[in-house]
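Below is one structure; the comments refer to it alone.
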Amino acid sequence: MRFWSLHPGHLDPRGLVRPAPGAVLALAALATLAGGPAASPTPAIATSPPDTVLRVTFLDVGQGDAVLLQAPEGQTALIDAGREDIVPLLRELGVEQIDLMVATHPHADHIGGMRGVIESIPVRFFMDNGEPHTTATYRGLIGALEARPEITYLEATPRTISLGSATLEVLPLLPRGTAEHNDRSITIVLRFGDFTGLLSGDSEVRQLTHLVGLGVVPELTLLKAPHHGSDNGFTWDFLRVARPRVVVISVGRNSYGHPRQAALDAYAATAGETWRTDRDGHLEVRGYEDGTFAVLRGDAVASARGAGRTWVGATAAAGVVGAATAASSGSGLRIRVHADAPGNDHQNPNGEYAVLENTASAPVAIAGWRLCDLANHCFRFPAGTVIAGGGRIVVHTGIGQPDGERYYMGRRQAVWNNGGDTATLYDEQGATVVVFSY
Ligand SMILES: [Zn+2]
């Protein structure tokens, strides 16, 4: 692997610093965020596996896009930045540096918040589609970049960028001058093990058709709905190839009718679940290397990011603070489901089980909380149920005697669908704590 150096390269026509052509870009592990289990503050954390998850957070920025990517090793990319100032939100999420900032296309609902970010948070690389725009917002962004010569400019030519152990593939664009801005949105395929995602700004039918024709659209775990769920932001051919398991629509109050019913129907017909920032707030999709994912919603996202810092934090103190934040809301919890029991599932309901892991170091009390499948078969945790810091409990489907580590739903038939299901953990008030789909 070649690590990119920050020596100034070529200048592009706008005066932005470019790297030499043909260079391989790898965003190296940040020295200050390189702490692993060896640097963990307590034995509980030291004996737990690192939280190897790619976090893809769709910030609720109203009508617009702002997607934060965080690699397991701590590297951060920001794909678009909404229309307004998102700096307070990024600070709340613990973002201290942005390794790569991408402007998918120069419309204000995607680049409006970038100037503030550039002026407040260190940014290492900036990528756009190379096509200027005439607006004051765009000129303000270029001005902010020119004032920061330490930021290296990248044009979105096809390339692969390493973000820690995740990769970002930049797909080919329609040639400059041949399409409107939306149809020249930078399109990125995310890969983290078997987890795949696609982010494509405001792509419309023409660009999606182009990408399908090139054969560069993979089967997806996660799709960011192109163009805020517009009916020109999907094609059936695209969805047949992409077959997303989860779709996230970044949308707010608008006069365009986004999201359109035709798009919602198409996503409902092809994806297992669809989430919307206008209804669900911030949405964090946690991608795991085995291709599974979990979705956190609303306020759980910010406190969950605290839990993530347990694993990438530079100091023991940071880890403990992060863990305490997570434990208070239970959002350091993670669910896995082992749906396929040995033999006939219905004759062996204890052969299938759900595992609740506490990735934080502080214990979480879950008495009165419910674990439910998609068909709303639920199990309520009895008084006194606690998941130790770094610990786990197992919930079997069948009948048995709970012992504080193993619980039993008391059912005589299988609950978890082998072909795919959703496990949701609700707290005592019925608020969603964590969702796991497979
Ligand atoms: Zn837009």
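Following the order of the structure tokens, first chain is A, next is B, and so on, with residues numbered from 1 inside each chain and ligands from 1 in the order they appear.
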
Contact check, chain A to ligand 1, at most 8 Å, counting only C-alpha atoms and all ligand atoms, closest pairs as CSV:
residue,atom,partner,partner_atom_place_in_ligand_line,distance
A:Gln63,CA,ligand 1,1 (Zn),7.3
A:Gly64,CA,ligand 1,1 (Zn),5.1
A:Asp65,CA,ligand 1,1 (Zn),6.5
A:His107,CA,ligand 1,1 (Zn),6.6
A:Ala108,CA,ligand 1,1 (Zn),7.7
A:Asp109,CA,ligand 1,1 (Zn),5.3
A:His110,CA,ligand 1,1 (Zn),6.0
A:Asn182,CA,ligand 1,1 (Zn),7.8
A:Gly201,CA,ligand 1,1 (Zn),6.7
A:Asp202,CA,ligand 1,1 (Zn),5.4
A:His227,CA,ligand 1,1 (Zn),5.7
A:His228,CA,ligand 1,1 (Zn),6.5

If you count only C-alpha atoms, which residues fall within 7 Å of range 115-130 of chain A, apart from same-chain ones fewer than 4 positions away, as a count of residues only?
22

Which residues are near Val95 in chain A? Cut-off 9 Å, only C-alpha atoms, ignore same chain within fewer than 4 positions. Put them as number ranges by chain.
A: 76, 89-91, 121

Of the residues A:Gly420, A:Gly257, A:Gly281, A:Gly164, which is the one nearest to Tyr438 in chain A, using only C-alpha atoms?
A:Gly420

DSSP says alpha helix (DSSP H) for which residues of range 112-291 of chain A? Put them as number ranges by chain?
A: 114-120, 136-146, 205-214, 236-242, 261-270, 277-280

Could you save the residues just selected, with C-alpha atoms, as a short mmCIF file (atom, residue, chain, number, x, y, z; two decimals), in the first residue's frame?
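Result file is part_26.cif:
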data_model
loop_
_atom_site.label_atom_id
_atom_site.label_comp_id
_atom_site.auth_asym_id
_atom_site.auth_seq_id
_atom_site.Cartn_x
_atom_site.Cartn_y
_atom_site.Cartn_z
CA MET A 114 -19.07 22.92 3.16
CA ARG A 115 -17.55 26.33 3.60
CA GLY A 116 -18.27 26.29 7.32
CA VAL A 117 -16.79 22.81 7.66
CA ILE A 118 -13.61 23.74 5.79
CA GLU A 119 -13.16 26.82 7.97
CA SER A 120 -13.69 24.88 11.22
CA ALA A 136 -22.46 32.52 -4.85
CA THR A 137 -22.56 29.35 -2.73
CA TYR A 138 -20.19 27.62 -5.14
CA ARG A 139 -17.85 30.62 -5.30
CA GLY A 140 -17.84 30.73 -1.51
CA LEU A 141 -16.79 27.09 -1.40
CA ILE A 142 -13.96 27.61 -3.89
CA GLY A 143 -12.83 30.67 -1.93
CA ALA A 144 -12.71 28.63 1.27
CA LEU A 145 -10.67 25.92 -0.48
CA GLU A 146 -8.24 28.46 -1.93
CA VAL A 205 -32.43 8.31 -14.99
CA ARG A 206 -29.74 9.17 -17.53
CA GLN A 207 -26.81 8.65 -15.18
CA LEU A 208 -28.30 5.54 -13.54
CA THR A 209 -28.87 4.04 -17.00
CA HIS A 210 -25.28 4.91 -17.92
CA LEU A 211 -23.91 3.19 -14.80
CA VAL A 212 -26.02 0.06 -15.32
CA GLY A 213 -24.86 -0.04 -18.95
CA LEU A 214 -21.23 0.09 -17.85
CA TRP A 236 -36.33 -0.56 -12.50
CA ASP A 237 -33.23 -1.82 -14.33
CA PHE A 238 -31.03 -0.10 -11.77
CA LEU A 239 -32.96 -1.58 -8.85
CA ARG A 240 -33.01 -5.05 -10.41
CA VAL A 241 -29.21 -4.96 -10.59
CA ALA A 242 -28.60 -3.23 -7.25
CA GLN A 261 -44.82 7.77 -4.25
CA ALA A 262 -43.54 5.94 -7.33
CA ALA A 263 -40.05 5.85 -5.81
CA LEU A 264 -41.36 4.75 -2.41
CA ASP A 265 -43.30 1.95 -4.10
CA ALA A 266 -40.24 0.88 -6.10
CA TYR A 267 -38.05 0.77 -2.99
CA ALA A 268 -40.74 -1.11 -1.07
CA ALA A 269 -40.88 -3.65 -3.89
CA THR A 270 -37.13 -4.23 -4.04
CA THR A 277 -34.37 11.35 7.46
CA ASP A 278 -37.50 13.55 7.48
CA ARG A 279 -39.35 10.95 9.58
CA ASP A 280 -36.57 9.07 11.36
#

Would you mind writing down, as a compact mmCIF listing (two decimals) with C-alpha atoms, in the first residue's frame, each residue of range 66-197 of chain A that DSSP on the backbone assigns to strand (DSSP E)?
# COMPACT_ATOMS: atom_id res chain seq x y z
CA VAL A 67 -23.40 11.53 4.68
CA LEU A 68 -20.64 10.83 7.16
CA LEU A 69 -18.51 7.71 6.68
CA GLN A 70 -16.36 6.40 9.51
CA THR A 76 -13.64 9.91 8.16
CA ALA A 77 -15.19 10.99 4.89
CA LEU A 78 -17.99 13.48 4.41
CA ILE A 79 -20.06 13.11 1.24
CA ILE A 98 -12.22 14.88 7.76
CA ASP A 99 -9.85 12.85 5.63
CA LEU A 100 -11.92 13.18 2.49
CA MET A 101 -14.70 15.61 1.62
CA VAL A 102 -16.74 14.97 -1.51
CA VAL A 123 -9.88 18.55 5.88
CA ARG A 124 -7.16 16.58 4.04
CA PHE A 125 -8.62 15.89 0.59
CA PHE A 126 -11.45 17.48 -1.34
CA MET A 127 -13.10 15.90 -4.39
CA ASP A 128 -15.65 17.27 -6.83
CA THR A 152 -5.40 18.47 -1.66
CA TYR A 153 -7.83 18.60 -4.55
CA LEU A 154 -8.99 15.47 -6.37
CA GLU A 155 -11.16 15.35 -9.46
CA ARG A 159 -10.25 5.52 -8.75
CA THR A 160 -10.30 3.50 -5.57
CA ILE A 161 -9.66 5.21 -2.24
CA SER A 162 -8.86 3.33 0.95
CA LEU A 163 -10.62 4.66 4.01
CA ALA A 166 -13.11 0.20 3.83
CA THR A 167 -12.77 1.22 0.20
CA LEU A 168 -14.51 3.87 -1.87
CA GLU A 169 -14.74 3.25 -5.60
CA VAL A 170 -15.41 6.36 -7.64
CA ILE A 188 -19.28 6.10 -4.88
CA VAL A 189 -19.45 2.38 -4.18
CA LEU A 190 -18.53 1.60 -0.57
CA ARG A 191 -17.08 -1.76 0.27
CA PHE A 192 -16.33 -3.18 3.67
CA PHE A 195 -21.06 -4.98 2.97
CA THR A 196 -21.64 -2.75 -0.08
CA GLY A 197 -23.23 0.66 -0.36
